[in-house]
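Enquirer: Structure supplied as start_13.tsv; contents: TSV, C-alpha atoms.
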```tsv
chain	number	residue	atom	x	y	z
J	253	MET	CA	-8.40	-2.20	-16.89
J	254	PHE	CA	-4.62	-2.34	-17.11
J	255	THR	CA	-2.89	-4.39	-14.44
J	256	ARG	CA	0.81	-4.45	-13.77
J	257	GLY	CA	1.00	-7.64	-11.74
J	258	SER	CA	0.31	-9.19	-8.40
J	259	LEU	CA	0.39	-6.93	-5.36
J	260	THR	CA	1.48	-9.90	-3.26
J	261	SER	CA	4.46	-10.52	-5.54
J	262	THR	CA	5.42	-6.85	-5.45
J	263	ILE	CA	5.34	-6.72	-1.65
J	264	LEU	CA	7.25	-10.01	-1.45
J	265	SER	CA	9.90	-8.66	-3.83
J	266	LEU	CA	10.26	-5.52	-1.74
J	267	MET	CA	10.61	-7.58	1.43
J	268	LEU	CA	13.23	-9.78	-0.24
J	269	VAL	CA	15.21	-6.69	-1.23
J	270	VAL	CA	15.13	-5.42	2.35
J	271	ILE	CA	16.09	-8.85	3.72
J	272	LEU	CA	18.90	-9.19	1.17
J	273	LEU	CA	20.26	-5.75	1.99
J	274	SER	CA	20.06	-6.41	5.74
J	275	SER	CA	21.81	-9.74	5.28
J	276	SER	CA	24.50	-8.09	3.17
J	277	LEU	CA	25.10	-5.54	5.92
J	278	ALA	CA	25.36	-8.30	8.48
J	279	VAL	CA	27.78	-10.29	6.32
J	280	PHE	CA	29.86	-7.19	5.65
J	281	SER	CA	30.04	-6.45	9.37
J	282	ILE	CA	31.03	-10.02	10.21
J	283	VAL	CA	33.72	-10.08	7.51
J	284	SER	CA	35.08	-6.71	8.64
J	285	LEU	CA	35.21	-7.85	12.24
J	286	THR	CA	36.86	-11.11	11.17
J	287	PHE	CA	39.62	-9.23	9.37
J	288	SER	CA	39.99	-6.96	12.40
J	289	LEU	CA	40.50	-9.82	14.84
J	290	GLY	CA	44.06	-9.85	16.09
J	291	ASP	CA	44.77	-6.20	15.25
J	292	ALA	CA	45.19	-5.38	18.93
J	293	ARG	CA	47.47	-8.39	19.48
J	294	GLY	CA	49.55	-7.39	16.46
J	295	ILE	CA	49.94	-3.83	17.70
J	296	ASN	CA	50.86	-5.06	21.18
J	297	ALA	CA	53.36	-7.54	19.72
J	298	SER	CA	55.03	-4.90	17.56
J	299	GLY	CA	55.20	-2.57	20.54
J	300	SER	CA	56.72	-5.40	22.55
J	301	LEU	CA	59.54	-5.71	19.97
J	302	ARG	CA	60.66	-2.23	20.83
J	303	MET	CA	60.86	-3.00	24.54
J	304	GLN	CA	62.67	-6.28	23.87
J	305	SER	CA	65.23	-4.45	21.70
J	306	TYR	CA	66.14	-2.19	24.60
J	307	ARG	CA	66.14	-5.16	26.97
J	308	LEU	CA	68.66	-6.97	24.75
J	309	LEU	CA	70.97	-3.94	24.89
J	310	LEU	CA	70.66	-3.84	28.66
J	311	ASP	CA	71.36	-7.56	29.04
J	312	ALA	CA	74.35	-7.31	26.70
J	313	ASN	CA	75.79	-4.43	28.71
J	314	ILE	CA	75.56	-6.31	32.01
J	315	GLY	CA	76.89	-9.51	30.45
J	316	SER	CA	73.75	-11.58	31.04
J	317	HIS	CA	74.15	-15.31	30.40
J	318	ASN	CA	70.58	-15.77	29.07
J	319	ILE	CA	71.08	-13.52	26.05
J	320	ASP	CA	70.29	-16.42	23.70
J	321	GLU	CA	66.99	-16.92	25.46
J	322	LYS	CA	66.16	-13.24	25.00
J	323	ILE	CA	67.01	-13.50	21.30
J	324	ALA	CA	64.70	-16.52	21.00
J	325	ASP	CA	61.91	-14.60	22.74
J	326	PHE	CA	62.40	-11.69	20.34
J	327	GLU	CA	62.20	-13.95	17.29
J	328	THR	CA	59.15	-15.71	18.70
J	329	THR	CA	57.41	-12.37	18.99
J	330	LEU	CA	58.64	-11.23	15.57
J	331	ASN	CA	57.37	-14.40	13.88
J	332	SER	CA	54.12	-14.63	15.84
J	333	GLU	CA	50.82	-15.09	13.99
J	334	ALA	CA	49.68	-11.65	15.17
J	335	LEU	CA	52.54	-10.01	13.24
J	336	LYS	CA	52.53	-12.42	10.30
J	337	ARG	CA	49.02	-11.17	9.51
J	338	SER	CA	50.82	-8.08	8.22
J	339	LEU	CA	51.79	-10.19	5.19
J	340	ALA	CA	48.16	-11.13	4.38
J	341	TRP	CA	46.84	-10.32	0.89
J	342	TYR	CA	44.42	-7.72	2.21
J	343	SER	CA	47.12	-5.84	4.15
J	344	PRO	CA	48.46	-2.62	2.60
J	345	LYS	CA	51.68	-3.01	0.63
J	346	GLU	CA	53.35	-0.38	2.78
J	347	MET	CA	52.68	-2.39	5.93
J	348	ARG	CA	53.90	-5.63	4.33
J	349	ASP	CA	57.09	-3.95	3.18
J	350	GLN	CA	57.61	-2.43	6.61
J	351	TYR	CA	57.28	-5.81	8.33
J	352	VAL	CA	59.78	-7.36	5.90
J	353	LEU	CA	62.13	-4.44	6.58
J	354	VAL	CA	61.91	-5.07	10.34
J	355	ILE	CA	62.82	-8.72	9.75
J	356	HIS	CA	65.82	-7.78	7.59
J	357	LYS	CA	67.11	-5.24	10.08
J	358	TRP	CA	66.67	-7.74	12.89
J	359	GLN	CA	68.94	-10.16	11.10
J	360	VAL	CA	71.66	-7.49	11.21
J	361	MET	CA	70.90	-6.60	14.82
J	362	LYS	CA	70.95	-10.28	15.74
J	363	VAL	CA	74.46	-10.66	14.35
J	364	TYR	CA	75.61	-7.66	16.39
J	365	ILE	CA	74.17	-8.99	19.62
J	366	GLU	CA	75.43	-12.54	19.05
J	367	GLU	CA	78.95	-11.28	18.33
J	368	GLY	CA	78.79	-9.07	21.39
J	369	ASN	CA	79.31	-5.95	19.30
J	370	ILE	CA	77.48	-3.69	21.70
J	371	ARG	CA	78.70	-0.49	20.03
J	372	LEU	CA	77.23	-1.31	16.59
J	373	TYR	CA	74.06	-2.70	18.17
J	374	SER	CA	73.61	0.47	20.19
J	375	ALA	CA	74.35	2.68	17.19
J	376	SER	CA	71.78	0.83	15.05
J	377	LEU	CA	69.16	0.51	17.79
J	378	THR	CA	67.57	3.91	17.24
J	379	ASP	CA	67.02	3.25	13.54
J	380	PHE	CA	65.73	-0.26	14.29
J	381	VAL	CA	63.28	1.03	16.88
J	382	ASN	CA	62.11	3.72	14.46
J	383	THR	CA	61.45	1.00	11.90
J	384	ILE	CA	59.40	-0.90	14.50
J	385	ASP	CA	57.51	2.29	15.38
J	386	THR	CA	56.68	2.80	11.73
J	387	LEU	CA	55.32	-0.75	11.59
J	388	VAL	CA	53.21	-0.07	14.68
J	389	LEU	CA	51.92	3.13	13.08
J	390	ASN	CA	51.03	1.30	9.86
J	391	MET	CA	49.16	-1.37	11.80
J	392	GLU	CA	47.25	1.24	13.81
J	393	GLN	CA	46.32	3.13	10.64
J	394	PHE	CA	45.16	-0.05	8.94
J	395	ALA	CA	43.06	-1.00	11.97
J	396	ALA	CA	41.55	2.50	12.01
J	397	PHE	CA	40.87	2.23	8.26
J	398	LYS	CA	39.00	-1.05	8.71
J	399	LEU	CA	36.96	0.48	11.53
J	400	LYS	CA	36.11	3.49	9.37
J	401	LEU	CA	35.23	1.19	6.50
J	402	LEU	CA	32.88	-0.73	8.78
J	403	VAL	CA	31.23	2.47	10.01
J	404	ILE	CA	30.88	3.88	6.49
J	405	GLY	CA	29.44	0.59	5.27
J	406	GLN	CA	26.89	0.59	8.08
J	407	ILE	CA	25.95	4.21	7.40
J	408	ILE	CA	25.54	3.56	3.67
J	409	GLY	CA	23.54	0.40	4.30
J	410	LEU	CA	21.25	2.07	6.82
J	411	SER	CA	20.81	5.03	4.47
J	412	ILE	CA	19.80	2.68	1.67
J	413	LEU	CA	17.38	0.92	4.02
J	414	LEU	CA	15.85	4.26	5.00
J	415	ILE	CA	15.52	5.25	1.34
J	416	ILE	CA	13.88	1.92	0.53
J	417	ALA	CA	11.56	2.34	3.52
J	418	PHE	CA	10.65	5.86	2.37
J	419	PHE	CA	9.89	4.71	-1.15
J	420	ALA	CA	8.01	1.69	0.21
J	421	VAL	CA	5.76	3.97	2.26
J	422	ALA	CA	5.26	6.33	-0.69
J	423	PHE	CA	4.60	3.37	-2.98
J	424	THR	CA	2.11	1.86	-0.55
J	425	ARG	CA	0.26	5.15	-0.12
J	426	LYS	CA	0.05	5.78	-3.86
J	427	ARG	CA	-0.47	2.28	-5.23
J	428	VAL	CA	-2.35	0.56	-2.41
J	429	VAL	CA	-3.81	2.91	0.21
J	430	LYS	CA	-5.17	5.51	-2.23
J	431	PRO	CA	-6.93	2.95	-4.50
J	432	LEU	CA	-8.37	1.28	-1.40
J	433	GLN	CA	-9.68	4.62	-0.16
J	434	LEU	CA	-11.27	5.25	-3.55
J	435	LEU	CA	-12.84	1.78	-3.47
J	436	ILE	CA	-14.19	2.49	0.01
J	437	GLU	CA	-15.66	5.79	-1.21
J	438	SER	CA	-17.23	3.97	-4.16
J	439	SER	CA	-18.75	1.34	-1.88
J	440	THR	CA	-20.11	4.11	0.36
J	441	THR	CA	-21.67	5.76	-2.69
J	442	ILE	CA	-23.26	2.44	-3.66
J	443	SER	CA	-24.63	1.99	-0.14
J	444	LYS	CA	-26.40	5.36	-0.51
J	445	GLY	CA	-28.27	4.13	-3.58
J	446	ASN	CA	-26.12	5.69	-6.28
J	447	PHE	CA	-25.14	2.74	-8.44
J	448	LYS	CA	-23.67	4.73	-11.32
J	449	VAL	CA	-20.14	4.79	-9.98
J	450	LYS	CA	-16.90	4.11	-11.80
J	451	MET	CA	-14.29	2.12	-9.96
J	452	PRO	CA	-10.76	3.57	-9.84
J	453	LYS	CA	-8.08	2.02	-12.02
J	454	THR	CA	-5.41	0.08	-10.18
J	455	ASP	CA	-2.14	-1.52	-11.20
J	456	TYR	CA	-2.50	-4.82	-9.41
J	457	ILE	CA	-4.56	-7.96	-9.87
J	458	GLU	CA	-5.98	-8.12	-6.34
J	459	LEU	CA	-7.23	-4.52	-6.30
J	460	THR	CA	-8.52	-4.85	-9.85
J	461	ALA	CA	-10.48	-7.97	-8.90
J	462	LEU	CA	-11.96	-6.15	-5.91
J	463	GLY	CA	-12.90	-3.17	-8.09
J	464	ASN	CA	-14.47	-5.44	-10.72
J	465	ALA	CA	-16.46	-7.25	-8.03
J	466	LEU	CA	-17.79	-3.94	-6.68
J	467	GLN	CA	-18.57	-2.75	-10.21
J	468	LYS	CA	-20.48	-5.95	-10.96
J	469	THR	CA	-22.33	-5.72	-7.65
J	470	ALA	CA	-23.27	-2.10	-8.38
J	471	ALA	CA	-24.54	-3.04	-11.85
J	472	GLU	CA	-26.62	-5.91	-10.47
J	473	LEU	CA	-28.03	-3.73	-7.69
J	474	ALA	CA	-28.85	-1.00	-10.23
J	475	SER	CA	-30.69	-3.54	-12.40
J	476	LEU	CA	-32.59	-4.98	-9.44
J	477	TYR	CA	-33.40	-1.52	-8.12
J	478	GLU	CA	-34.63	-0.39	-11.54
J	479	ASP	CA	-36.80	-3.50	-11.92
J	480	LEU	CA	-38.19	-3.02	-8.44
J	481	GLU	CA	-38.87	0.65	-9.11
J	482	ASN	CA	-40.65	-0.23	-12.36
J	483	GLN	CA	-42.72	-2.84	-10.57
J	484	VAL	CA	-43.63	-0.36	-7.85
J	485	ASN	CA	-44.57	2.24	-10.45
J	486	GLU	CA	-46.66	-0.28	-12.35
J	487	LYS	CA	-48.41	-1.41	-9.18
J	488	THR	CA	-48.96	2.19	-8.14
J	489	LEU	CA	-50.34	3.05	-11.56
J	490	ALA	CA	-52.57	-0.01	-11.54
J	491	LEU	CA	-53.86	0.78	-8.05
J	492	THR	CA	-54.46	4.41	-9.00
J	493	ARG	CA	-56.26	3.36	-12.16
J	494	THR	CA	-58.36	0.83	-10.28
J	495	ASN	CA	-59.20	3.38	-7.61
J	496	ASN	CA	-60.21	5.94	-10.23
J	497	GLU	CA	-62.29	3.38	-12.09
J	498	LEU	CA	-64.05	2.36	-8.89
J	499	LYS	CA	-64.71	5.98	-8.06
J	500	PHE	CA	-65.93	6.56	-11.61
J	501	LEU	CA	-68.25	3.57	-11.46
J	502	TYR	CA	-69.54	4.51	-8.04
J	503	ASP	CA	-70.23	8.13	-8.96
J	504	ASN	CA	-71.97	7.17	-12.18
J	505	LEU	CA	-73.94	4.43	-10.49
J	506	VAL	CA	-75.24	6.93	-7.96
J	507	MET	CA	-76.02	9.40	-10.72
J	508	LEU	CA	-77.83	6.87	-12.92
J	509	HIS	CA	-80.04	5.77	-10.05
J	510	ALA	CA	-81.11	9.32	-9.30
J	511	ASN	CA	-84.70	10.37	-10.07
J	512	LYS	CA	-83.56	12.79	-12.77
J	513	LEU	CA	-80.58	12.53	-15.06
J	514	ASP	CA	-78.07	15.35	-14.78
J	515	TYR	CA	-76.69	16.02	-18.25
J	516	LYS	CA	-73.69	17.88	-16.86
J	517	ALA	CA	-72.87	14.84	-14.78
J	518	LEU	CA	-73.26	12.62	-17.83
J	519	GLN	CA	-70.93	14.93	-19.78
J	520	SER	CA	-68.34	14.66	-17.02
J	521	ALA	CA	-68.82	10.91	-16.86
J	522	ILE	CA	-68.16	10.26	-20.55
J	523	ASN	CA	-65.17	12.63	-20.44
J	524	GLN	CA	-63.73	10.57	-17.62
J	525	LEU	CA	-64.55	7.34	-19.44
J	526	LYS	CA	-62.77	8.56	-22.57
J	527	TYR	CA	-59.73	9.49	-20.49
J	528	TYR	CA	-59.60	6.25	-18.51
J	529	GLU	CA	-60.03	4.02	-21.57
J	530	SER	CA	-57.81	6.16	-23.85
J	531	LEU	CA	-60.53	6.41	-26.51
J	532	SER	CA	-60.30	8.58	-29.62
J	533	TYR	CA	-63.99	9.54	-29.75
J	534	LEU	CA	-66.93	8.85	-27.47
J	535	ARG	CA	-70.56	9.91	-27.36
J	536	LEU	CA	-73.67	8.95	-25.41
J	537	VAL	CA	-76.97	8.72	-27.27
J	538	ILE	CA	-80.10	8.82	-25.05
J	539	GLU	CA	-83.35	7.65	-26.68
J	540	HIS	CA	-86.70	8.96	-25.44
J	541	ASP	CA	-90.12	7.32	-25.70
J	542	ASP	CA	-91.23	9.85	-28.32
J	543	GLY	CA	-88.36	8.79	-30.59
J	544	SER	CA	-86.21	11.86	-29.96
J	545	LYS	CA	-82.55	11.53	-29.08
J	546	ASP	CA	-80.16	13.48	-26.90
J	547	ILE	CA	-76.50	13.21	-27.88
J	548	ILE	CA	-73.77	13.98	-25.35
J	549	LYS	CA	-70.29	14.09	-26.87
J	550	ALA	CA	-67.07	13.67	-24.94
J	551	GLU	CA	-64.31	16.23	-25.19
J	552	GLY	CA	-62.96	16.35	-28.72
J	553	GLY	CA	-66.41	16.06	-30.28
J	554	TRP	CA	-67.50	13.49	-32.83
J	555	PRO	CA	-66.11	13.33	-36.37
J	556	ASP	CA	-68.38	14.11	-39.30
J	557	GLU	CA	-66.78	11.35	-41.32
J	558	LEU	CA	-66.00	8.24	-39.37
J	559	PRO	CA	-62.40	6.99	-39.98
J	560	ILE	CA	-63.49	3.53	-38.92
J	561	GLU	CA	-66.74	1.94	-37.92
J	562	SER	CA	-67.80	2.85	-34.41
J	563	LEU	CA	-68.79	0.37	-31.75
J	564	HIS	CA	-72.22	0.51	-30.12
J	565	PHE	CA	-72.72	-0.47	-26.50
J	566	PRO	CA	-76.38	-0.49	-25.40
J	567	LEU	CA	-77.28	1.31	-22.18
J	568	LEU	CA	-79.65	-0.99	-20.28
J	569	ILE	CA	-81.37	-0.38	-16.97
J	570	GLU	CA	-83.61	-3.19	-15.73
J	571	LYS	CA	-83.60	-4.75	-19.22
J	572	THR	CA	-84.84	-1.51	-20.73
J	573	GLN	CA	-82.59	0.11	-23.34
J	574	LEU	CA	-82.31	3.81	-22.70
J	575	GLY	CA	-79.71	4.48	-25.36
J	576	TYR	CA	-76.23	3.46	-26.34
J	577	LEU	CA	-72.56	4.47	-26.29
J	578	ASP	CA	-70.78	5.17	-29.56
J	579	VAL	CA	-67.05	4.42	-29.30
J	580	ILE	CA	-64.13	4.92	-31.68
J	581	SER	CA	-60.92	3.67	-30.10
```
Translate the structure of the given file into structure tokens.

Expert:
Amino acid sequence: MFTRGSLTSTILSLMLVVILLSSSLAVFSIVSLTFSLGDARGINASGSLRMQSYRLLLDANIGSHNIDEKIADFETTLNSEALKRSLAWYSPKEMRDQYVLVIHKWQVMKVYIEEGNIRLYSASLTDFVNTIDTLVLNMEQFAAFKLKLLVIGQIIGLSILLIIAFFAVAFTRKRVVKPLQLLIESSTTISKGNFKVKMPKTDYIELTALGNALQKTAAELASLYEDLENQVNEKTLALTRTNNELKFLYDNLVMLHANKLDYKALQSAINQLKYYESLSYLRLVIEHDDGSKDIIKAEGGWPDELPIESLHFPLLIEKTQLGYLDVIS
């Protein structure tokens, strides 16, 4: 019987695949969330740059004395870790370039505000704010992309898990459940006394061992049952033969002790004797006092030429010989 391998190893391998895939999904989710940390702070910081740009223009127009402090706050926000993440290796090139462009334009805007050139600062503010807005848009799109990537990854992973689960169920039904059902049916057949059953072929060592054990048990039970049946038949035949012989002896004993011999009964008796003893030829020779003889032949007669020498068994009643039996076996 062909076996593919261990069922335990197959199930373990399948479980390891499921565990590995589940772990991969978990790791992918954690990594995606890790890369997404700080996206909200970055978007808020970039949006704050726009408000601070307008605030600088307002402070410059009113001649505020803390303009340098406002510039320092702007640069702190611009160089914050939340925005510097835009330069990370995994960030899109467009977003990295946009962040660098904001820094370059700020250097120009900073010169304008430090020199008190409100006109040039105001004229360049719209373009500068648009550049910041583009950076905000890029950051929002990248954050949305990472979220979509996470969702798609989860959907794909769950789909693969469902497919594996489907094939696992189909595999179990075909390779495990069905052979087990066939083995159960075979064992039920054996329990009903039909030992000539053929165990189903299976692909795995455990099921094959179970099938072989049932096959061996069925063969041993068949042998024992056959031996028992033969013994019962032999005992039945022996009892029947003994019963018939006793009946034969009793009937003939009654007949021989009768006042007058019944030749028909004697004919029946030697026929039965020939049958019971499986003799080839049999005859009864009765000798009378005047020297005459009566010969009673069993069914099949008596051969004219004897193939072998016959056996003579004297017929004695109270030590008086009344004749003899001629037997050819």

Enquirer: Could you name the residues that touch region 314-317 of chain J at 12 Å or less, counting all atoms listed in the file, but leaving out those on the same chain fewer than 6 positions away, as an mmCIF file with C-alpha atoms, keeping the file's coordinate frame?

Expert:
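Dumped to out-v5.cif:
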```cif
data_model
loop_
_atom_site.group_PDB
_atom_site.id
_atom_site.type_symbol
_atom_site.label_atom_id
_atom_site.label_comp_id
_atom_site.auth_asym_id
_atom_site.auth_seq_id
_atom_site.Cartn_x
_atom_site.Cartn_y
_atom_site.Cartn_z
ATOM 1 C CA ARG J 307 66.140 -5.160 26.970
ATOM 2 C CA LEU J 308 68.660 -6.970 24.750
ATOM 3 C CA ILE J 323 67.010 -13.500 21.300
ATOM 4 C CA ILE J 365 74.170 -8.990 19.620
ATOM 5 C CA GLU J 366 75.430 -12.540 19.050
ATOM 6 C CA GLY J 368 78.790 -9.070 21.390
ATOM 7 C CA ASN J 369 79.310 -5.950 19.300
ATOM 8 C CA ILE J 370 77.480 -3.690 21.700
#
```

Enquirer: So how many Å separate CA of Gln393 (chain J) and CA of Pro344 (chain J), to one decimal?

Expert: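 Going from CA of Gln393 (chain J) over to CA of Pro344 (chain J), I get 10.1 Å.
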
Enquirer: May I ask for the distance between CA of Phe423 (chain J) and CA of Leu277 (chain J), given in Å to one decimal place?

Expert: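 Distance reported for this atom pair: 24.1 Å.
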
Enquirer: Can you work out which one of J:Asp311, J:Val354, J:Leu466, J:Ala292 has the shortest atom-to-atom distance to Ala334 (chain J), counting only C-alpha atoms?

Expert: J:Ala292

Enquirer: Using all atoms listed in the file, which residue out of J:Trp358, J:Tyr533, J:Tyr576, J:Tyr477 lies closest to Glu561 (chain J)?

Expert: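 Ranking J:Trp358, J:Tyr533, J:Tyr576, J:Tyr477 by distance to Glu561 (chain J), first place goes to J:Tyr533.
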
Enquirer: If you measure from CA of Ile408 (chain J) to CA of Val270 (chain J), what distance in Å do you get, rounded to one decimal?

Expert: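 These two atoms are separated by 13.8 Å.
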
Enquirer: Check the smallest atom-to-atom distance from each of J:Phe418, J:Ala474, J:Lys549, J:Ile412 to Val269 (chain J) using only C-alpha atoms, then report the winner.

Expert: J:Ile412

Enquirer: Which residue is closest to Ala471 (chain J)? Choose from J:Thr572, J:Ser338, J:Thr492, J:Asn446 and count all atoms listed in the file.

Expert: J:Asn446

Enquirer: Determine, counting all atoms listed in the file, which protein, DNA and RNA residues have an atom within 9 Å of an atom of Thr383 (chain J); residues of the same chain fewer than 6 positions away are not included. Present the result as a PyMOL selection string.

Expert: chain J and resi 350-351+353-354+357

Enquirer: Which residues are near Tyr306 (chain J)? Cut-off 9 Å, all atoms listed in the file, ignore same chain within fewer than 4 positions. Put them as a PyMOL selection string.

Expert: chain J and resi 301-302+310-311+377+381

Enquirer: May I have the protein, DNA and RNA residues with any atom at most 12 Å from the point (58.8, -12.7, 14.0), counting only C-alpha atoms, written as a short mmCIF file (atom, residue, chain, number, x, y, z; two decimals) with C-alpha atoms, keeping the file's coordinate frame?

Expert:
```
data_model
loop_
_atom_site.label_atom_id
_atom_site.label_comp_id
_atom_site.auth_asym_id
_atom_site.auth_seq_id
_atom_site.Cartn_x
_atom_site.Cartn_y
_atom_site.Cartn_z
CA GLY J 294 49.55 -7.39 16.46
CA ALA J 297 53.36 -7.54 19.72
CA SER J 298 55.03 -4.90 17.56
CA SER J 300 56.72 -5.40 22.55
CA LEU J 301 59.54 -5.71 19.97
CA ILE J 323 67.01 -13.50 21.30
CA ALA J 324 64.70 -16.52 21.00
CA ASP J 325 61.91 -14.60 22.74
CA PHE J 326 62.40 -11.69 20.34
CA GLU J 327 62.20 -13.95 17.29
CA THR J 328 59.15 -15.71 18.70
CA THR J 329 57.41 -12.37 18.99
CA LEU J 330 58.64 -11.23 15.57
CA ASN J 331 57.37 -14.40 13.88
CA SER J 332 54.12 -14.63 15.84
CA GLU J 333 50.82 -15.09 13.99
CA ALA J 334 49.68 -11.65 15.17
CA LEU J 335 52.54 -10.01 13.24
CA LYS J 336 52.53 -12.42 10.30
CA ARG J 337 49.02 -11.17 9.51
CA SER J 338 50.82 -8.08 8.22
CA LEU J 339 51.79 -10.19 5.19
CA TYR J 351 57.28 -5.81 8.33
CA VAL J 352 59.78 -7.36 5.90
CA LEU J 353 62.13 -4.44 6.58
CA VAL J 354 61.91 -5.07 10.34
CA ILE J 355 62.82 -8.72 9.75
CA HIS J 356 65.82 -7.78 7.59
CA LYS J 357 67.11 -5.24 10.08
CA TRP J 358 66.67 -7.74 12.89
CA GLN J 359 68.94 -10.16 11.10
CA ILE J 384 59.40 -0.90 14.50
#
```
